[in-house]
$ cat coords-v5.tsv   # TSV, C-alpha atoms and all ligand atoms
chain	number	residue	atom	x	y	z
A	1	MET	CA	0.93	36.73	-64.83
A	2	LEU	CA	-0.01	36.59	-68.49
A	3	VAL	CA	-3.66	35.83	-69.13
A	4	GLN	CA	-3.93	32.34	-70.62
A	5	THR	CA	-6.57	31.26	-73.12
A	6	LEU	CA	-7.17	27.99	-74.95
A	7	THR	CA	-5.75	27.49	-78.43
A	8	PRO	CA	-8.16	26.28	-81.15
A	9	GLU	CA	-6.62	22.80	-80.70
A	10	GLN	CA	-7.29	22.87	-76.94
A	11	LEU	CA	-10.87	24.02	-77.53
A	12	ALA	CA	-11.36	21.16	-79.99
A	13	ALA	CA	-9.89	18.76	-77.39
A	14	TYR	CA	-12.35	20.06	-74.76
A	15	ASP	CA	-15.23	19.44	-77.16
A	16	ARG	CA	-13.95	15.95	-78.12
A	17	ASP	CA	-12.71	14.69	-74.73
A	18	GLY	CA	-14.76	16.77	-72.28
A	19	PHE	CA	-11.71	18.19	-70.52
A	20	VAL	CA	-8.45	20.08	-70.95
A	21	VAL	CA	-5.59	20.70	-68.48
A	22	VAL	CA	-3.95	24.13	-68.19
A	23	GLU	CA	-0.86	24.52	-66.00
A	24	ASN	CA	0.55	27.61	-64.22
A	25	LEU	CA	-2.76	29.44	-63.83
A	26	VAL	CA	-1.33	31.38	-60.87
A	27	SER	CA	2.16	31.99	-59.51
A	28	LYS	CA	3.82	29.54	-57.07
A	29	GLU	CA	3.59	32.24	-54.36
A	30	ASP	CA	-0.16	32.60	-54.88
A	31	VAL	CA	-0.68	28.82	-54.74
A	32	ALA	CA	1.28	28.74	-51.46
A	33	ALA	CA	-0.80	31.62	-50.06
A	34	LEU	CA	-4.05	29.80	-50.91
A	35	GLY	CA	-2.74	26.64	-49.21
A	36	CYS	CA	-1.77	28.61	-46.08
A	37	ARG	CA	-5.20	30.23	-46.01
A	38	VAL	CA	-6.89	26.81	-46.10
A	39	ARG	CA	-4.75	25.72	-43.16
A	40	GLU	CA	-5.81	28.80	-41.23
A	41	TYR	CA	-9.43	27.60	-41.52
A	42	THR	CA	-8.78	23.91	-40.91
A	43	HIS	CA	-5.99	24.01	-38.29
A	44	GLU	CA	-5.63	27.52	-36.86
A	45	GLY	CA	-9.15	28.58	-35.94
A	46	ARG	CA	-9.67	31.34	-38.52
A	47	PRO	CA	-13.41	32.16	-38.27
A	48	PRO	CA	-15.13	30.57	-41.29
A	49	GLY	CA	-17.85	33.24	-41.74
A	50	ALA	CA	-19.83	32.24	-44.87
A	51	ILE	CA	-17.64	29.17	-45.48
A	52	ALA	CA	-19.24	25.78	-44.74
A	53	MET	CA	-16.85	23.11	-43.44
A	54	PHE	CA	-17.59	19.37	-43.64
A	55	MET	CA	-15.77	16.49	-41.93
A	56	GLU	CA	-14.71	13.27	-43.64
A	57	PRO	CA	-17.68	10.95	-42.90
A	58	ARG	CA	-15.45	8.11	-41.60
A	59	VAL	CA	-13.74	10.56	-39.20
A	60	LYS	CA	-17.10	11.95	-38.08
A	61	ARG	CA	-18.34	8.42	-37.31
A	62	GLY	CA	-15.15	7.68	-35.33
A	63	GLU	CA	-14.04	4.94	-37.76
A	64	VAL	CA	-10.78	6.79	-38.54
A	65	LYS	CA	-8.75	8.71	-35.93
A	66	VAL	CA	-6.80	11.88	-36.76
A	67	GLU	CA	-4.01	13.55	-34.78
A	68	HIS	CA	-5.47	17.04	-35.24
A	69	PRO	CA	-9.17	17.81	-35.95
A	70	GLY	CA	-7.96	19.83	-38.98
A	71	ASP	CA	-6.76	16.59	-40.55
A	72	GLY	CA	-10.35	15.35	-40.67
A	73	TYR	CA	-11.92	17.85	-43.10
A	74	ARG	CA	-13.29	16.59	-46.41
A	75	LYS	CA	-14.86	19.70	-47.98
A	76	LEU	CA	-15.05	23.49	-47.61
A	77	GLU	CA	-17.82	25.24	-49.57
A	78	ASN	CA	-18.37	28.92	-50.48
A	79	LEU	CA	-14.73	30.02	-50.21
A	80	VAL	CA	-15.23	32.35	-53.20
A	81	GLU	CA	-18.07	34.12	-51.39
A	82	GLY	CA	-16.37	34.09	-47.97
A	83	ASP	CA	-12.63	34.57	-48.49
A	84	ASP	CA	-10.74	37.35	-50.30
A	85	LEU	CA	-7.93	35.14	-51.66
A	86	PHE	CA	-10.35	32.54	-53.03
A	87	ARG	CA	-12.58	35.29	-54.47
A	88	GLY	CA	-9.50	36.34	-56.44
A	89	LEU	CA	-9.14	32.75	-57.68
A	90	GLY	CA	-12.81	32.50	-58.69
A	91	LEU	CA	-12.36	35.70	-60.70
A	92	ASN	CA	-8.85	34.83	-61.94
A	93	PRO	CA	-8.48	36.42	-65.41
A	94	SER	CA	-7.17	33.22	-67.07
A	95	ILE	CA	-9.87	31.00	-65.56
A	96	VAL	CA	-12.61	33.47	-66.49
A	97	ALA	CA	-11.21	33.96	-70.02
A	98	ILE	CA	-11.18	30.19	-70.59
A	99	MET	CA	-14.71	29.87	-69.19
A	100	GLU	CA	-15.79	32.62	-71.57
A	101	GLN	CA	-14.33	30.66	-74.50
A	102	ILE	CA	-16.24	27.54	-73.40
A	103	LEU	CA	-19.51	28.97	-72.03
A	104	GLY	CA	-19.89	32.40	-73.62
A	105	PRO	CA	-19.65	35.94	-72.25
A	106	ASP	CA	-22.33	35.82	-69.53
A	107	LEU	CA	-21.16	33.80	-66.55
A	108	LYS	CA	-22.26	32.94	-63.03
A	109	LEU	CA	-20.54	30.73	-60.51
A	110	PHE	CA	-22.83	27.79	-59.74
A	111	ARG	CA	-20.75	26.32	-56.92
A	112	ASN	CA	-17.30	26.20	-55.38
A	113	ALA	CA	-16.06	23.36	-53.20
A	114	LEU	CA	-12.57	22.70	-51.92
A	115	LEU	CA	-12.04	18.94	-51.75
A	116	LEU	CA	-9.43	17.84	-49.24
A	117	LYS	CA	-7.76	14.47	-49.13
A	118	PRO	CA	-5.60	14.39	-46.01
A	119	PRO	CA	-2.73	11.86	-46.12
A	120	GLN	CA	-3.96	8.31	-45.39
A	121	VAL	CA	-7.41	9.71	-44.47
A	122	GLY	CA	-8.89	11.11	-47.73
A	123	SER	CA	-11.50	8.73	-49.07
A	124	PRO	CA	-12.39	8.01	-52.71
A	125	LYS	CA	-15.01	9.91	-54.69
A	126	GLY	CA	-16.82	7.36	-56.84
A	127	MET	CA	-17.29	7.61	-60.61
A	128	HIS	CA	-19.96	10.22	-61.31
A	129	GLN	CA	-21.07	13.03	-63.56
A	130	ASP	CA	-21.76	16.40	-61.94
A	131	SER	CA	-24.89	17.48	-63.83
A	132	PRO	CA	-27.12	14.70	-62.41
A	133	TYR	CA	-26.43	16.27	-58.99
A	134	TRP	CA	-27.24	19.80	-60.14
A	135	PRO	CA	-30.58	21.57	-60.82
A	136	ILE	CA	-29.36	23.47	-63.88
A	137	ALA	CA	-30.30	23.14	-67.58
A	138	PRO	CA	-28.75	22.68	-70.02
A	139	MET	CA	-26.36	20.10	-68.57
A	140	ALA	CA	-23.36	21.95	-69.94
A	141	LEU	CA	-21.60	23.63	-67.02
A	142	CYS	CA	-17.82	23.74	-66.83
A	143	SER	CA	-15.68	23.26	-63.73
A	144	CYS	CA	-12.10	24.30	-63.20
A	145	TRP	CA	-10.66	21.74	-60.77
A	146	PHE	CA	-7.74	23.78	-59.47
A	147	THR	CA	-4.92	22.02	-57.59
A	148	LEU	CA	-3.42	23.52	-54.42
A	149	ASP	CA	-1.01	20.54	-54.13
A	150	ASP	CA	0.59	18.31	-56.73
A	151	ALA	CA	-2.14	15.78	-57.56
A	152	THR	CA	-0.68	12.32	-58.19
A	153	PRO	CA	-2.02	8.78	-58.72
A	154	GLU	CA	-0.97	8.04	-55.10
A	155	ASN	CA	-2.78	10.95	-53.43
A	156	GLY	CA	-5.99	10.96	-55.49
A	157	CYS	CA	-5.54	12.89	-58.72
A	158	MET	CA	-8.49	13.14	-61.08
A	159	ALA	CA	-9.37	10.20	-63.33
A	160	VAL	CA	-11.71	10.75	-66.29
A	161	ILE	CA	-13.38	8.82	-69.11
A	162	PRO	CA	-12.53	10.86	-72.21
A	163	GLY	CA	-15.41	11.54	-74.58
A	164	ASP	CA	-18.16	10.09	-72.37
A	165	HIS	CA	-19.64	13.56	-71.72
A	166	LYS	CA	-21.22	13.10	-75.16
A	167	ARG	CA	-23.33	10.19	-73.85
A	168	GLY	CA	-25.69	12.45	-71.89
A	169	PRO	CA	-26.68	11.89	-68.26
A	170	LEU	CA	-26.08	8.28	-67.12
A	171	PRO	CA	-28.10	6.49	-64.40
A	172	HIS	CA	-26.74	7.13	-60.90
A	173	LYS	CA	-27.48	5.34	-57.63
A	174	GLN	CA	-27.06	6.13	-53.94
A	175	VAL	CA	-24.38	4.09	-52.14
A	176	PRO	CA	-23.01	4.65	-48.59
A	177	ASP	CA	-21.56	8.23	-48.44
A	178	ASP	CA	-21.78	8.67	-52.24
A	179	PHE	CA	-23.91	8.95	-55.41
A	180	VAL	CA	-22.29	7.14	-58.36
A	181	ILE	CA	-22.89	5.96	-61.92
A	182	GLU	CA	-24.51	2.51	-61.96
A	183	GLU	CA	-22.24	-0.39	-62.93
A	184	GLY	CA	-22.40	-1.29	-66.58
A	185	TYR	CA	-22.94	2.31	-67.72
A	186	TYR	CA	-19.22	3.06	-68.11
A	187	ASP	CA	-16.09	1.08	-68.96
A	188	PRO	CA	-13.52	1.29	-66.09
A	189	ALA	CA	-10.81	0.15	-68.54
A	190	ARG	CA	-11.20	3.46	-70.40
A	191	MET	CA	-10.44	5.53	-67.27
A	192	VAL	CA	-7.41	7.82	-67.67
A	193	LEU	CA	-5.46	9.29	-64.72
A	194	LYS	CA	-4.60	13.00	-64.94
A	195	PRO	CA	-1.73	13.86	-62.58
A	196	MET	CA	-1.30	17.64	-62.35
A	197	PRO	CA	1.20	19.96	-60.62
A	198	ALA	CA	-0.09	22.45	-58.03
A	199	GLY	CA	-1.48	25.60	-59.64
A	200	SER	CA	-3.07	23.79	-62.60
A	201	GLY	CA	-6.70	23.61	-63.69
A	202	LEU	CA	-8.57	20.66	-65.16
A	203	PHE	CA	-11.40	22.32	-67.09
A	204	PHE	CA	-14.13	19.69	-67.45
A	205	HIS	CA	-17.68	19.34	-68.75
A	206	SER	CA	-20.42	18.65	-66.18
A	207	LEU	CA	-21.33	15.37	-67.95
A	208	LEU	CA	-17.76	14.02	-67.95
A	209	PRO	CA	-17.56	10.85	-65.77
A	210	HIS	CA	-14.77	11.32	-63.21
A	211	TYR	CA	-13.35	9.61	-60.13
A	212	THR	CA	-10.68	10.23	-57.48
A	213	ALA	CA	-8.88	7.50	-55.53
A	214	PRO	CA	-8.30	7.48	-51.75
A	215	ASN	CA	-5.14	9.22	-50.57
A	216	ARG	CA	-2.73	6.41	-49.68
A	217	SER	CA	0.31	8.72	-49.67
A	218	LYS	CA	2.05	10.90	-47.08
A	219	ASN	CA	1.11	14.08	-48.96
A	220	TRP	CA	-1.97	16.26	-48.88
A	221	ARG	CA	-4.17	16.53	-51.95
A	222	ARG	CA	-6.29	19.67	-51.95
A	223	ALA	CA	-8.16	20.97	-54.99
A	224	ILE	CA	-11.03	23.41	-55.46
A	225	ALA	CA	-13.78	22.76	-57.97
A	226	LEU	CA	-14.95	26.12	-59.35
A	227	SER	CA	-18.11	25.41	-61.36
A	228	TYR	CA	-19.39	28.05	-63.79
A	229	MET	CA	-22.52	28.24	-65.93
A	230	SER	CA	-23.86	30.47	-68.66
A	231	SER	CA	-26.22	33.11	-67.24
A	232	ARG	CA	-28.69	31.89	-69.89
A	233	SER	CA	-29.05	28.60	-67.97
A	234	THR	CA	-32.28	27.86	-66.16
A	235	PHE	CA	-32.87	26.63	-62.63
A	236	THR	CA	-34.74	23.29	-62.62
A	237	GLY	CA	-35.03	22.89	-58.84
A	238	LYS	CA	-38.05	23.70	-56.69
A	239	GLY	CA	-39.14	27.35	-56.43
A	240	GLU	CA	-37.24	30.39	-57.60
A	241	SER	CA	-33.61	30.33	-58.69
A	242	PRO	CA	-31.13	31.11	-55.90
A	243	VAL	CA	-28.98	34.19	-56.48
A	244	TYR	CA	-25.65	32.93	-57.83
A	245	PHE	CA	-22.27	34.66	-57.58
A	246	PRO	CA	-21.97	36.97	-60.62
A	247	VAL	CA	-18.74	36.52	-62.60
A	248	ARG	CA	-19.19	38.66	-65.72
A	249	GLY	CA	-21.69	39.84	-68.34
A	250	ASN	CA	-25.48	40.05	-68.16
A	251	SER	CA	-28.34	38.27	-66.42
A	252	TYR	CA	-31.49	37.29	-68.35
A	253	PRO	CA	-35.18	37.24	-67.38
A	254	GLY	CA	-36.44	33.72	-66.66
A	255	CYS	CA	-32.88	32.40	-66.30
A	256	VAL	CA	-30.66	31.76	-63.28
A	257	ARG	CA	-30.51	34.85	-61.04
B	1	LIG	O1	-11.62	16.38	-55.65
B	1	LIG	C1	-12.14	15.27	-55.58
B	1	LIG	O2	-11.65	14.36	-54.96
B	1	LIG	C2	-13.43	15.00	-56.34
B	1	LIG	C3	-13.88	16.18	-57.11
B	1	LIG	C4	-15.14	15.93	-57.87
B	1	LIG	O3	-15.56	14.83	-58.05
B	1	LIG	C5	-15.86	17.07	-58.42
B	1	LIG	O4	-15.38	18.20	-58.34
B	1	LIG	O5	-16.96	16.85	-58.97

$ encode --input "coords-v5.tsv" --output "structure tokens"
Amino acid sequence: MLVQTLTPEQLAAYDRDGFVVVENLVSKEDVAALGCRVREYTHEGRPPGAIAMFMEPRVKRGEVKVEHPGDGYRKLENLVEGDDLFRGLGLNPSIVAIMEQILGPDLKLFRNALLLKPPQVGSPKGMHQDSPYWPIAPMALCSCWFTLDDATPENGCMAVIPGDHKRGPLPHKQVPDDFVIEEGYYDPARMVLKPMPAGSGLFFHSLLPHYTAPNRSKNWRRAIALSYMSSRSTFTGKGESPVYFPVRGNSYPGCVR
């Protein structure tokens, strides 16, 4: 596939709105292969190795019943580290080229998490910004939220508040099963839904407020958030920086390892 990059207009839109959507990042065959691989982990007993698998909290508590245990997963972390196909996605030339345009030439992967919304089971993810969760400065990471299925308003596509990444970190509070922006600090009427076909990426700033609805449809909604940072970022958590997955370019003394 041709390597895609952002046009100057798309880069300006990312700066203004805090996000940009790019379709056809990989071929239909490759999207299908990634989807099959996920099913091998969730439904067919493929050994997870380094991959961490988390159940939907309401399924775990027995509040929601599923036909197959594989229909109860909410999140798979570390696929890029633990799976060859997903490593290829994390290093996809178009995704990395776009990250380089946004974040500069020295890149590390901060995190990767596949978010699953099984039909009728997938719960909402409340309105939040990512940076308040993350021990990285400056608060200027970029995630590619890559869709393995068509993401629609019915199955929980992304919803964003354009431009609000410019407002800095907003106060968040703990609620049952979630950590969300406090009421009054964003205007729900300004929320915009972003339906996307499978194989697309929503590139978004780590201060962009975003939300996904529960899956009330008959169709799966699976998407992986691939979150990158400049290697000049610093770790603001306790102790020494963890060693992050290297994507390209150099590392710097005193910065994330
Ligand atoms: O995929 C979802 O449902 C939520 C994703 C999200 O909020 C994130 O990647 O920060």

$ residues_near_ligand --input "coords-v5.tsv" --ligand "ligand LIG 1 (chain B)" --cutoff "6 Å" --atoms "only C-alpha atoms and all ligand atoms" --output "ChimeraX atom specification"
/A:115,125,130,212,223,225

$ atom_distance --input "coords-v5.tsv" --atom1 "CA of Leu114 (chain A)" --atom2 "CA of Glu77 (chain A)"
6.3 Å

$ residues_around --input "coords-v5.tsv" --residues "Pro169 (chain A)" --least-positions-apart "4" --cutoff "8 Å" --atoms "only C-alpha atoms" --output "number ranges by chain"
A: 129, 131-132, 207

$ closest_residue --input "coords-v5.tsv" --among "A:Met55, A:Cys142, A:Leu208, A:Leu25" --to "Ile95 (chain A)" --atoms "all atoms listed in the file"
A:Leu25

$ atom_distance --input "coords-v5.tsv" --atom1 "CA of Gly90 (chain A)" --atom2 "CA of Pro118 (chain A)"
23.3 Å

$ atom_distance --input "coords-v5.tsv" --atom1 "CA of Leu107 (chain A)" --atom2 "CA of Asn250 (chain A)"
7.8 Å

$ closest_residue --input "coords-v5.tsv" --among "A:Arg257, A:Lys194, A:His172, A:Lys108" --to "Ser230 (chain A)" --atoms "only C-alpha atoms"
A:Lys108

$ closest_atom_pairs --input "coords-v5.tsv" --of "region 59-119 of chain A" --to "region 5-19 of chain A" --cutoff "12 Å" --atoms "all atoms listed in the file" --output "CSV"
residue,atom,partner,partner_atom,distance
A:Asn92,CA,A:Thr5,CA,12.0
A:Pro93,CA,A:Thr5,CA,9.5
A:Ser94,CA,A:Thr5,CA,6.4
A:Ile95,CA,A:Thr5,CA,8.3
A:Val96,CA,A:Thr5,CA,9.2
A:Ala97,CA,A:Thr5,CA,6.2
A:Ile98,CA,A:Thr5,CA,5.4
A:Met99,CA,A:Thr5,CA,9.1
A:Glu100,CA,A:Thr5,CA,9.4
A:Gln101,CA,A:Leu6,CA,7.7
A:Ile102,CA,A:Leu11,CA,7.6
A:Leu103,CA,A:Leu11,CA,11.4

$ write_last_selection --input "coords-v5.tsv" --atoms "C-alpha atoms" --output "short mmCIF file (atom, residue, chain, number, x, y, z; two decimals), in the coordinates of the input"
data_model
loop_
_atom_site.label_atom_id
_atom_site.label_comp_id
_atom_site.auth_asym_id
_atom_site.auth_seq_id
_atom_site.Cartn_x
_atom_site.Cartn_y
_atom_site.Cartn_z
CA ASN A 92 -8.85 34.83 -61.94
CA PRO A 93 -8.48 36.42 -65.41
CA SER A 94 -7.17 33.22 -67.07
CA ILE A 95 -9.87 31.00 -65.56
CA VAL A 96 -12.61 33.47 -66.49
CA ALA A 97 -11.21 33.96 -70.02
CA ILE A 98 -11.18 30.19 -70.59
CA MET A 99 -14.71 29.87 -69.19
CA GLU A 100 -15.79 32.62 -71.57
CA GLN A 101 -14.33 30.66 -74.50
CA ILE A 102 -16.24 27.54 -73.40
CA LEU A 103 -19.51 28.97 -72.03
#

$ residues_around --input "coords-v5.tsv" --residues "Ile224 (chain A)" --least-positions-apart "2" --cutoff "12 Å" --atoms "all atoms listed in the file" --output "PDB file with C-alpha atoms, in the frame of the given file"
ATOM      1  CA  VAL A  31      -0.680  28.820 -54.740  1.00  0.00           C
ATOM      2  CA  LEU A  34      -4.050  29.800 -50.910  1.00  0.00           C
ATOM      3  CA  GLY A  35      -2.740  26.640 -49.210  1.00  0.00           C
ATOM      4  CA  VAL A  38      -6.890  26.810 -46.100  1.00  0.00           C
ATOM      5  CA  ARG A  74     -13.290  16.590 -46.410  1.00  0.00           C
ATOM      6  CA  LYS A  75     -14.860  19.700 -47.980  1.00  0.00           C
ATOM      7  CA  LEU A  76     -15.050  23.490 -47.610  1.00  0.00           C
ATOM      8  CA  GLU A  77     -17.820  25.240 -49.570  1.00  0.00           C
ATOM      9  CA  ASN A  78     -18.370  28.920 -50.480  1.00  0.00           C
ATOM     10  CA  LEU A  79     -14.730  30.020 -50.210  1.00  0.00           C
ATOM     11  CA  VAL A  80     -15.230  32.350 -53.200  1.00  0.00           C
ATOM     12  CA  PHE A  86     -10.350  32.540 -53.030  1.00  0.00           C
ATOM     13  CA  LEU A  89      -9.140  32.750 -57.680  1.00  0.00           C
ATOM     14  CA  GLY A  90     -12.810  32.500 -58.690  1.00  0.00           C
ATOM     15  CA  ARG A 111     -20.750  26.320 -56.920  1.00  0.00           C
ATOM     16  CA  ASN A 112     -17.300  26.200 -55.380  1.00  0.00           C
ATOM     17  CA  ALA A 113     -16.060  23.360 -53.200  1.00  0.00           C
ATOM     18  CA  LEU A 114     -12.570  22.700 -51.920  1.00  0.00           C
ATOM     19  CA  LEU A 115     -12.040  18.940 -51.750  1.00  0.00           C
ATOM     20  CA  LEU A 116      -9.430  17.840 -49.240  1.00  0.00           C
ATOM     21  CA  LYS A 117      -7.760  14.470 -49.130  1.00  0.00           C
ATOM     22  CA  SER A 143     -15.680  23.260 -63.730  1.00  0.00           C
ATOM     23  CA  CYS A 144     -12.100  24.300 -63.200  1.00  0.00           C
ATOM     24  CA  TRP A 145     -10.660  21.740 -60.770  1.00  0.00           C
ATOM     25  CA  PHE A 146      -7.740  23.780 -59.470  1.00  0.00           C
ATOM     26  CA  THR A 147      -4.920  22.020 -57.590  1.00  0.00           C
ATOM     27  CA  LEU A 148      -3.420  23.520 -54.420  1.00  0.00           C
ATOM     28  CA  ASP A 149      -1.010  20.540 -54.130  1.00  0.00           C
ATOM     29  CA  ALA A 151      -2.140  15.780 -57.560  1.00  0.00           C
ATOM     30  CA  MET A 158      -8.490  13.140 -61.080  1.00  0.00           C
ATOM     31  CA  ALA A 198      -0.090  22.450 -58.030  1.00  0.00           C
ATOM     32  CA  GLY A 199      -1.480  25.600 -59.640  1.00  0.00           C
ATOM     33  CA  SER A 200      -3.070  23.790 -62.600  1.00  0.00           C
ATOM     34  CA  GLY A 201      -6.700  23.610 -63.690  1.00  0.00           C
ATOM     35  CA  LEU A 202      -8.570  20.660 -65.160  1.00  0.00           C
ATOM     36  CA  PHE A 203     -11.400  22.320 -67.090  1.00  0.00           C
ATOM     37  CA  ARG A 221      -4.170  16.530 -51.950  1.00  0.00           C
ATOM     38  CA  ARG A 222      -6.290  19.670 -51.950  1.00  0.00           C
ATOM     39  CA  LEU A 226     -14.950  26.120 -59.350  1.00  0.00           C
ATOM     40  CA  SER A 227     -18.110  25.410 -61.360  1.00  0.00           C
TER      41      SER A 227
END

$ residues_around --input "coords-v5.tsv" --residues "Met1 (chain A)" --least-positions-apart "3" --cutoff "9 Å" --atoms "only C-alpha atoms" --output "number ranges by chain"
A: 4, 25-27

$ residues_around --input "coords-v5.tsv" --residues "Lys173 (chain A)" --least-positions-apart "3" --cutoff "6 Å" --atoms "all atoms listed in the file" --output "list in words"
Phe179, Val180 and Glu182 of chain A

$ write_last_selection --input "coords-v5.tsv" --atoms "C-alpha atoms" --output "PDB file, keeping the file's coordinate frame"
ATOM      1  CA  PHE A 179     -23.910   8.950 -55.410  1.00  0.00           C
ATOM      2  CA  VAL A 180     -22.290   7.140 -58.360  1.00  0.00           C
ATOM      3  CA  GLU A 182     -24.510   2.510 -61.960  1.00  0.00           C
TER       4      GLU A 182
END

$ closest_residue --input "coords-v5.tsv" --among "A:Gly184, A:Glu44, A:Lys166, A:Ala32" --to "His68 (chain A)" --atoms "all atoms listed in the file"
A:Glu44
